[in-house]
>>> print(open('query_39.pdb').read())   # PDB, C-alpha atoms
ATOM      1  CA  MET A   6      47.883 -31.071   7.985
ATOM      2  CA  THR A   7      49.822 -31.129   4.707
ATOM      3  CA  THR A   8      48.424 -30.991   1.185
ATOM      4  CA  LEU A   9      50.238 -32.989  -1.462
ATOM      5  CA  THR A  10      49.535 -32.750  -5.170
ATOM      6  CA  ILE A  11      50.812 -35.535  -7.424
ATOM      7  CA  GLU A  12      50.294 -36.609 -10.998
ATOM      8  CA  ILE A  13      50.206 -40.322 -11.747
ATOM      9  CA  LYS A  14      49.295 -42.489 -14.696
ATOM     10  CA  ASP A  15      45.625 -43.454 -14.907
ATOM     11  CA  LYS A  16      46.481 -47.134 -14.631
ATOM     12  CA  ASP A  17      48.109 -46.553 -11.219
ATOM     13  CA  ALA A  18      45.356 -44.309  -9.828
ATOM     14  CA  GLY A  19      43.333 -47.094  -8.229
ATOM     15  CA  PHE A  20      46.309 -48.484  -6.362
ATOM     16  CA  VAL A  21      47.421 -45.075  -5.096
ATOM     17  CA  LYS A  22      43.892 -44.109  -3.988
ATOM     18  CA  GLU A  23      43.504 -47.417  -2.144
ATOM     19  CA  PHE A  24      46.863 -46.992  -0.396
ATOM     20  CA  LEU A  25      46.135 -43.422   0.641
ATOM     21  CA  SER A  26      42.690 -44.312   1.961
ATOM     22  CA  LYS A  27      44.249 -47.081   4.094
ATOM     23  CA  ILE A  28      46.456 -44.542   5.835
ATOM     24  CA  GLY A  29      43.536 -42.186   6.388
ATOM     25  CA  ALA A  30      44.317 -39.603   3.726
ATOM     26  CA  LYS A  31      41.595 -37.592   2.018
ATOM     27  CA  VAL A  32      41.781 -38.139  -1.725
ATOM     28  CA  LYS A  33      40.530 -35.541  -4.181
ATOM     29  CA  SER A  34      40.795 -36.521  -7.793
ATOM     30  CA  GLU A  35      39.901 -34.594 -10.886
ATOM     31  CA  PRO A  36      37.588 -36.728 -12.984
ATOM     32  CA  THR A  37      38.559 -36.988 -16.599
ATOM     33  CA  SER A  38      35.983 -35.542 -18.872
ATOM     34  CA  GLN A  39      34.312 -37.751 -21.437
ATOM     35  CA  ILE A  40      35.866 -35.827 -24.325
ATOM     36  CA  THR A  41      39.344 -36.304 -22.848
ATOM     37  CA  SER A  42      38.716 -40.042 -22.546
ATOM     38  CA  GLU A  43      37.460 -40.204 -26.127
ATOM     39  CA  ILE A  44      40.511 -38.340 -27.440
ATOM     40  CA  ALA A  45      42.829 -40.684 -25.534
ATOM     41  CA  GLN A  46      40.995 -43.707 -26.970
ATOM     42  CA  ALA A  47      41.193 -42.277 -30.505
ATOM     43  CA  LEU A  48      44.943 -41.679 -30.181
ATOM     44  CA  LYS A  49      45.411 -45.232 -28.926
ATOM     45  CA  GLU A  50      43.474 -46.595 -31.913
ATOM     46  CA  ILE A  51      45.514 -44.481 -34.362
ATOM     47  CA  LYS A  52      48.732 -45.806 -32.854
ATOM     48  CA  GLU A  53      47.466 -49.399 -33.198
ATOM     49  CA  ILE A  54      46.555 -48.776 -36.852
ATOM     50  CA  GLN A  55      50.019 -47.375 -37.535
ATOM     51  CA  GLN A  56      51.629 -50.397 -35.884
ATOM     52  CA  GLY A  57      49.466 -52.770 -37.939
ATOM     53  CA  LYS A  58      47.683 -54.159 -34.876
ATOM     54  CA  ARG A  59      44.312 -52.845 -36.052
ATOM     55  CA  LYS A  60      42.650 -52.578 -39.441
ATOM     56  CA  SER A  61      41.941 -49.030 -40.585
ATOM     57  CA  LEU A  62      38.336 -47.991 -41.024
ATOM     58  CA  SER A  63      36.691 -47.887 -44.429
ATOM     59  CA  LEU A  64      33.638 -45.978 -45.642
ATOM     60  CA  LYS A  65      31.519 -49.077 -44.907
ATOM     61  CA  ASP A  66      32.446 -48.751 -41.231
ATOM     62  CA  ILE A  67      31.167 -45.187 -41.053
TER
END
>>> encode(input="query_39.pdb", output="structure tokens")
Amino acid sequence: MTTLTIEIKDKDAGFVKEFLSKIGAKVKSEPTSQITSEIAQALKEIKEIQQGKRKSLSLKDI
């Protein structure tokens, strides 16, 4: 038996897990913590604000 460790983008994780399960591989994944997910979402929103795709928040929004 061989152990393989890979890092892939979150968007490709489902496809890779499905493929590996079809060939009988055991898949162990590290779940992303909620705080990590929230930070990633916040960074995405900041980028969208900088690009003008999203309106910045005002004090009324808070």
>>> closest_residue(input="query_39.pdb", among="A:Ile44, A:Val21, A:Leu64, A:Ala30", to="Thr7 (chain A)", atoms="all atoms listed in the file")
A:Ala30
>>> atom_distance(input="query_39.pdb", atom1="CA of Gly57 (chain A)", atom2="CA of Asp17 (chain A)")
27.5 Å
>>> atom_distance(input="query_39.pdb", atom1="CA of Leu25 (chain A)", atom2="CA of Gln46 (chain A)")
28.1 Å
>>> residues_around(input="query_39.pdb", residues="Ile51 (chain A)", least_positions_apart="6", cutoff="10 Å", atoms="all atoms listed in the file", output="ChimeraX atom specification")
/A:45,57-61
>>> write_last_selection(input="query_39.pdb", atoms="C-alpha atoms", output="PDB file, keeping the file's coordinate frame")
ATOM      1  CA  ALA A  45      42.829 -40.684 -25.534  1.00  0.00           C
ATOM      2  CA  GLY A  57      49.466 -52.770 -37.939  1.00  0.00           C
ATOM      3  CA  LYS A  58      47.683 -54.159 -34.876  1.00  0.00           C
ATOM      4  CA  ARG A  59      44.312 -52.845 -36.052  1.00  0.00           C
ATOM      5  CA  LYS A  60      42.650 -52.578 -39.441  1.00  0.00           C
ATOM      6  CA  SER A  61      41.941 -49.030 -40.585  1.00  0.00           C
TER       7      SER A  61
END
>>> atom_distance(input="query_39.pdb", atom1="CA of Glu12 (chain A)", atom2="CA of Lys31 (chain A)")
15.7 Å
>>> axis_aligned_box(input="query_39.pdb", around="region 52-63 of chain A", padding_each_side="4 Å", output="AutoDock Vina command-line options")
--center_x 44.2 --center_y -50.0 --center_z -38.6 --size_x 22.9 --size_y 16.4 --size_z 19.6
